[in-house]
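**Q** Following this line is run36.csv, made up of CSV, N, CA and C atoms:
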chain,number,residue,atom,x,y,z
A,1,MET,N,0.8,-1.2,0.0
A,1,MET,CA,0.0,0.0,0.0
A,1,MET,C,0.9,1.2,0.0
A,2,ALA,N,0.7,2.1,-0.9
A,2,ALA,CA,1.4,3.3,-1.0
A,2,ALA,C,0.8,4.4,-0.2
A,3,ASN,N,1.7,5.1,0.6
A,3,ASN,CA,1.2,6.2,1.5
A,3,ASN,C,2.1,7.4,1.5
A,4,THR,N,2.8,7.6,0.4
A,4,THR,CA,3.6,8.8,0.3
A,4,THR,C,2.7,10.0,-0.1
A,5,PRO,N,3.2,11.2,0.2
A,5,PRO,CA,2.4,12.4,-0.2
A,5,PRO,C,2.2,12.5,-1.7
A,6,GLU,N,3.0,11.9,-2.5
A,6,GLU,CA,2.9,12.0,-4.0
A,6,GLU,C,1.8,11.0,-4.5
A,7,THR,N,1.4,10.1,-3.7
A,7,THR,CA,0.5,9.0,-4.1
A,7,THR,C,-0.9,9.6,-4.2
A,8,PRO,N,-1.5,9.6,-5.4
A,8,PRO,CA,-2.9,10.1,-5.5
A,8,PRO,C,-3.9,9.0,-5.0
A,9,GLY,N,-5.0,9.4,-4.5
A,9,GLY,CA,-6.0,8.5,-4.1
A,9,GLY,C,-7.3,8.9,-4.6
A,10,THR,N,-8.2,7.9,-4.9
A,10,THR,CA,-9.5,8.1,-5.4
A,10,THR,C,-10.4,7.2,-4.7
A,11,ALA,N,-11.6,7.7,-4.3
A,11,ALA,CA,-12.6,6.9,-3.7
A,11,ALA,C,-14.0,7.3,-4.2
A,12,PHE,N,-14.8,6.3,-4.4
A,12,PHE,CA,-16.2,6.5,-4.9
A,12,PHE,C,-17.1,6.1,-3.8
A,13,VAL,N,-18.0,7.0,-3.4
A,13,VAL,CA,-18.9,6.8,-2.3
A,13,VAL,C,-20.3,7.0,-2.8
A,14,VAL,N,-21.2,6.1,-2.6
A,14,VAL,CA,-22.6,6.2,-3.0
A,14,VAL,C,-23.5,6.4,-1.8
A,15,TYR,N,-24.2,7.4,-1.7
A,15,TYR,CA,-25.2,7.7,-0.6
A,15,TYR,C,-26.6,7.4,-1.1
A,16,GLU,N,-27.4,6.8,-0.2
A,16,GLU,CA,-28.7,6.5,-0.5
A,16,GLU,C,-29.6,7.7,-0.5
A,17,ASP,N,-29.2,8.7,0.4
A,17,ASP,CA,-30.0,9.9,0.6
A,17,ASP,C,-29.3,11.1,-0.1
A,18,ILE,N,-29.9,11.8,-0.9
A,18,ILE,CA,-29.3,13.0,-1.6
A,18,ILE,C,-28.8,14.0,-0.6
A,19,PHE,N,-29.5,14.1,0.5
A,19,PHE,CA,-29.2,15.1,1.6
A,19,PHE,C,-27.9,14.7,2.3
A,20,ASP,N,-27.6,13.4,2.4
A,20,ASP,CA,-26.4,13.0,3.0
A,20,ASP,C,-25.2,13.2,2.0
A,21,ALA,N,-25.5,13.1,0.8
A,21,ALA,CA,-24.4,13.4,-0.2
A,21,ALA,C,-24.1,14.8,-0.2
A,22,LYS,N,-25.1,15.7,-0.2
A,22,LYS,CA,-24.9,17.1,-0.2
A,22,LYS,C,-24.1,17.5,1.1
A,23,ASN,N,-24.5,16.9,2.2
A,23,ASN,CA,-23.8,17.2,3.5
A,23,ASN,C,-22.4,16.8,3.4
A,24,ALA,N,-22.1,15.7,2.8
A,24,ALA,CA,-20.7,15.2,2.7
A,24,ALA,C,-19.9,16.2,1.8
A,25,CYS,N,-20.5,16.7,0.7
A,25,CYS,CA,-19.8,17.6,-0.2
A,25,CYS,C,-19.5,18.9,0.6
A,26,ASP,N,-20.5,19.4,1.3
A,26,ASP,CA,-20.4,20.7,2.0
A,26,ASP,C,-19.3,20.6,3.1
A,27,HIS,N,-19.3,19.5,3.9
A,27,HIS,CA,-18.5,19.5,5.1
A,27,HIS,C,-17.2,18.7,4.9
A,28,LEU,N,-17.0,17.9,4.0
A,28,LEU,CA,-15.8,17.1,3.8
A,28,LEU,C,-14.8,17.7,2.8
A,29,SER,N,-15.3,18.5,1.9
A,29,SER,CA,-14.4,19.1,0.9
A,29,SER,C,-13.5,20.0,1.6
A,30,GLY,N,-12.2,19.8,1.4
A,30,GLY,CA,-11.2,20.7,2.1
A,30,GLY,C,-10.8,20.1,3.4
A,31,PHE,N,-11.4,19.1,3.9
A,31,PHE,CA,-11.0,18.5,5.1
A,31,PHE,C,-9.6,17.8,5.1
A,32,ASN,N,-8.8,18.0,6.1
A,32,ASN,CA,-7.4,17.6,6.1
A,32,ASN,C,-7.4,16.2,6.8
A,33,VAL,N,-6.9,15.2,6.0
A,33,VAL,CA,-6.7,13.8,6.6
A,33,VAL,C,-5.3,13.4,6.4
A,34,CYS,N,-4.6,13.3,7.5
A,34,CYS,CA,-3.2,12.9,7.4
A,34,CYS,C,-2.3,13.8,6.6
A,35,GLY,N,-2.6,15.1,6.7
A,35,GLY,CA,-1.8,16.1,5.9
A,35,GLY,C,-2.2,16.2,4.5
A,36,ARG,N,-3.3,15.6,4.1
A,36,ARG,CA,-3.8,15.7,2.7
A,36,ARG,C,-5.2,16.2,2.7
A,37,TYR,N,-5.5,17.0,1.7
A,37,TYR,CA,-6.9,17.6,1.7
A,37,TYR,C,-7.8,16.9,0.8
A,38,LEU,N,-9.0,16.7,1.2
A,38,LEU,CA,-10.0,16.0,0.5
A,38,LEU,C,-10.7,16.9,-0.5
A,39,VAL,N,-10.9,16.4,-1.7
A,39,VAL,CA,-11.7,17.1,-2.7
A,39,VAL,C,-12.9,16.3,-3.0
A,40,VAL,N,-14.1,16.8,-2.6
A,40,VAL,CA,-15.3,16.0,-2.8
A,40,VAL,C,-16.2,16.6,-3.9
A,41,LEU,N,-16.6,15.8,-4.9
A,41,LEU,CA,-17.3,16.3,-6.0
A,41,LEU,C,-18.5,15.4,-6.2
A,42,TYR,N,-19.6,15.9,-6.8
A,42,TYR,CA,-20.7,15.2,-7.3
A,42,TYR,C,-20.4,14.5,-8.6
A,43,TYR,N,-21.0,13.3,-8.8
A,43,TYR,CA,-20.9,12.7,-10.1
A,43,TYR,C,-22.1,13.2,-10.9
A,44,GLN,N,-21.8,13.7,-12.1
A,44,GLN,CA,-22.8,14.3,-13.0
A,44,GLN,C,-22.9,13.4,-14.2
A,45,SER,N,-23.9,12.6,-14.2
A,45,SER,CA,-24.1,11.6,-15.3
A,45,SER,C,-24.3,12.2,-16.6
A,46,ASN,N,-25.1,13.3,-16.7
A,46,ASN,CA,-25.4,13.9,-18.0
A,46,ASN,C,-24.2,14.6,-18.6
A,47,LYS,N,-23.3,15.1,-17.7
A,47,LYS,CA,-22.1,15.7,-18.2
A,47,LYS,C,-21.1,14.7,-18.7
A,48,ALA,N,-21.1,13.5,-18.1
A,48,ALA,CA,-20.2,12.4,-18.5
A,48,ALA,C,-20.8,11.9,-19.8
A,49,PHE,N,-22.1,11.8,-20.0
A,49,PHE,CA,-22.7,11.3,-21.2
A,49,PHE,C,-22.4,12.2,-22.4
A,50,LYS,N,-22.4,13.5,-22.1
A,50,LYS,CA,-22.1,14.5,-23.2
A,50,LYS,C,-20.7,14.4,-23.7
A,51,LYS,N,-19.8,14.2,-22.7
A,51,LYS,CA,-18.4,14.0,-23.1
A,51,LYS,C,-18.2,12.8,-23.9
A,52,TRP,N,-18.8,11.7,-23.5
A,52,TRP,CA,-18.7,10.4,-24.2
A,52,TRP,C,-19.3,10.6,-25.6
A,53,MET,N,-20.4,11.2,-25.8
A,53,MET,CA,-21.0,11.4,-27.1
A,53,MET,C,-20.1,12.3,-28.0
A,54,LEU,N,-19.5,13.3,-27.4
A,54,LEU,CA,-18.6,14.2,-28.2
A,54,LEU,C,-17.4,13.4,-28.6
A,55,ARG,N,-16.8,12.6,-27.7
A,55,ARG,CA,-15.7,11.8,-28.1
A,55,ARG,C,-16.0,10.8,-29.2
A,56,ARG,N,-17.2,10.2,-29.1
A,56,ARG,CA,-17.7,9.2,-30.1
A,56,ARG,C,-17.9,9.9,-31.5
A,57,SER,N,-18.5,11.1,-31.5
A,57,SER,CA,-18.7,11.8,-32.7
A,57,SER,C,-17.4,12.2,-33.4
A,58,LYS,N,-16.4,12.6,-32.6
A,58,LYS,CA,-15.1,13.0,-33.1
A,58,LYS,C,-14.4,11.7,-33.8
A,59,GLN,N,-14.6,10.6,-33.1
A,59,GLN,CA,-14.0,9.4,-33.7
A,59,GLN,C,-14.7,9.0,-35.0
A,60,LYS,N,-16.0,9.1,-35.1
A,60,LYS,CA,-16.7,8.9,-36.3
A,60,LYS,C,-16.3,9.9,-37.4
A,61,LEU,N,-16.1,11.1,-37.1
A,61,LEU,CA,-15.7,12.1,-38.0
A,61,LEU,C,-14.3,11.8,-38.5
A,62,ASP,N,-13.4,11.4,-37.7
A,62,ASP,CA,-12.0,11.0,-38.1
A,62,ASP,C,-12.0,9.8,-39.0
A,63,ARG,N,-12.9,8.9,-38.8
A,63,ARG,CA,-13.0,7.7,-39.7
A,63,ARG,C,-13.5,8.1,-41.0
A,64,VAL,N,-14.4,9.0,-41.1
A,64,VAL,CA,-14.9,9.5,-42.4
A,64,VAL,C,-13.9,10.3,-43.1
A,65,LYS,N,-13.1,11.1,-42.4
A,65,LYS,CA,-12.1,11.9,-43.0
A,65,LYS,C,-11.0,11.0,-43.6
A,66,THR,N,-10.7,9.9,-42.8
A,66,THR,CA,-9.7,9.0,-43.3
A,66,THR,C,-10.2,8.2,-44.5
A,67,LYS,N,-11.4,7.8,-44.5
A,67,LYS,CA,-12.0,7.0,-45.6
A,67,LYS,C,-12.0,7.8,-46.9
A,68,TYR,N,-12.3,9.1,-46.8
A,68,TYR,CA,-12.4,9.9,-48.0
A,68,TYR,C,-11.2,10.8,-48.2
A,69,ASN,N,-10.2,10.5,-47.5
A,69,ASN,CA,-8.9,11.2,-47.6
A,69,ASN,C,-9.1,12.8,-47.6
A,70,ILE,N,-9.7,13.2,-46.6
A,70,ILE,CA,-10.0,14.7,-46.4
A,70,ILE,C,-9.0,15.3,-45.5
A,71,ASN,N,-8.3,16.3,-46.0
A,71,ASN,CA,-7.3,17.1,-45.2
A,71,ASN,C,-8.0,18.3,-44.7
A,72,THR,N,-8.1,18.5,-43.4
A,72,THR,CA,-8.8,19.7,-42.9
A,72,THR,C,-8.1,21.0,-43.2
A,73,GLU,N,-6.8,21.0,-43.2
A,73,GLU,CA,-6.1,22.3,-43.5
A,73,GLU,C,-6.4,22.8,-44.9
A,74,GLU,N,-6.4,21.8,-45.9
A,74,GLU,CA,-6.8,22.2,-47.3
A,74,GLU,C,-8.2,22.7,-47.4
A,75,LYS,N,-9.1,22.1,-46.6
A,75,LYS,CA,-10.5,22.5,-46.6
A,75,LYS,C,-10.6,23.9,-46.0
A,76,LYS,N,-9.9,24.2,-45.0
A,76,LYS,CA,-10.0,25.6,-44.4
A,76,LYS,C,-9.5,26.6,-45.4
A,77,LYS,N,-8.4,26.3,-46.1
A,77,LYS,CA,-7.9,27.3,-47.1
A,77,LYS,C,-9.0,27.5,-48.2
A,78,LEU,N,-9.6,26.4,-48.6
A,78,LEU,CA,-10.6,26.5,-49.7
A,78,LEU,C,-11.8,27.3,-49.2
A,79,ASN,N,-12.2,27.1,-48.0
A,79,ASN,CA,-13.3,27.9,-47.4
A,79,ASN,C,-13.0,29.4,-47.4
A,80,ILE,N,-11.7,29.7,-47.0
A,80,ILE,CA,-11.3,31.1,-46.9
A,80,ILE,C,-11.4,31.7,-48.3
A,81,ASN,N,-10.9,31.0,-49.3
A,81,ASN,CA,-10.9,31.5,-50.7
A,81,ASN,C,-12.4,31.7,-51.2
A,82,ILE,N,-13.3,30.8,-50.8
A,82,ILE,CA,-14.7,31.0,-51.2
A,82,ILE,C,-15.3,32.2,-50.6
A,83,TYR,N,-15.0,32.4,-49.3
A,83,TYR,CA,-15.5,33.6,-48.6
A,83,TYR,C,-15.0,34.9,-49.2
A,84,ILE,N,-13.7,34.9,-49.6
A,84,ILE,CA,-13.1,36.1,-50.2
A,84,ILE,C,-13.8,36.3,-51.6
A,85,ILE,N,-14.0,35.3,-52.3
A,85,ILE,CA,-14.7,35.5,-53.6
A,85,ILE,C,-16.1,36.0,-53.5
A,86,ILE,N,-16.8,35.5,-52.5
A,86,ILE,CA,-18.2,35.9,-52.3
A,86,ILE,C,-18.2,37.3,-51.8
A,87,PHE,N,-17.3,37.7,-50.9
A,87,PHE,CA,-17.3,39.0,-50.4
A,87,PHE,C,-16.9,40.0,-51.5
A,88,ILE,N,-16.0,39.7,-52.3
A,88,ILE,CA,-15.6,40.6,-53.4
A,88,ILE,C,-16.8,40.8,-54.4
A,89,SER,N,-17.5,39.7,-54.7
A,89,SER,CA,-18.6,39.8,-55.6
A,89,SER,C,-19.8,40.6,-55.0
A,90,LEU,N,-19.9,40.6,-53.7
A,90,LEU,CA,-20.9,41.4,-53.1
A,90,LEU,C,-20.6,42.9,-53.1
A,91,LEU,N,-19.4,43.3,-53.2
A,91,LEU,CA,-19.0,44.7,-53.3
A,91,LEU,C,-19.4,45.3,-54.6
Kindly transcribe the structure held in the file into structure tokens.
**A**
Amino acid sequence: MANTPETPGTAFVVYEDIFDAKNACDHLSGFNVCGRYLVVLYYQSNKAFKKWMLRRSKQKLDRVKTKYNINTEEKKKLNINIYIIIFISLL
């Protein structure tokens, strides 16, 4: 068992009552245990799901780019040229 100051620790605690969880967050966050301070956070399932969906969408996009050999830097340059042409034609 590692117990040096450099050793990070993580614990997951599940409360049956939401008020007990709130009380733990309010009173235990910043509490000093053996010279180390606790950081107590709520788990936010919807936030975790959004991150997972974003990561999944980026992976799908990367697969499509690879499949069709799309280079994003060339695409950006092309878009800038199109915007310049449209802007000049509007003047």
**Q** Could you jot down the atom C of Thr66 in chain A to CA of Phe49 in chain A separation for me, Å, one decimal place?
**A**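 One can read the atom C of Thr66 in chain A to CA of Phe49 in chain A distance as 26.6 Å.
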**Q** Measuring atom to atom with only C-alpha atoms, identify which of A:Val64, A:Ile70, A:Ala24, A:Leu54 is nearest to Tyr42 in chain A.
**A** A:Ala24
**Q** Which residue out of A:Leu41, A:Ala11, A:Ala48, A:Leu61 has the minimum interatomic distance to Cys25 in chain A when only C-alpha atoms are used?
**A** A:Leu41
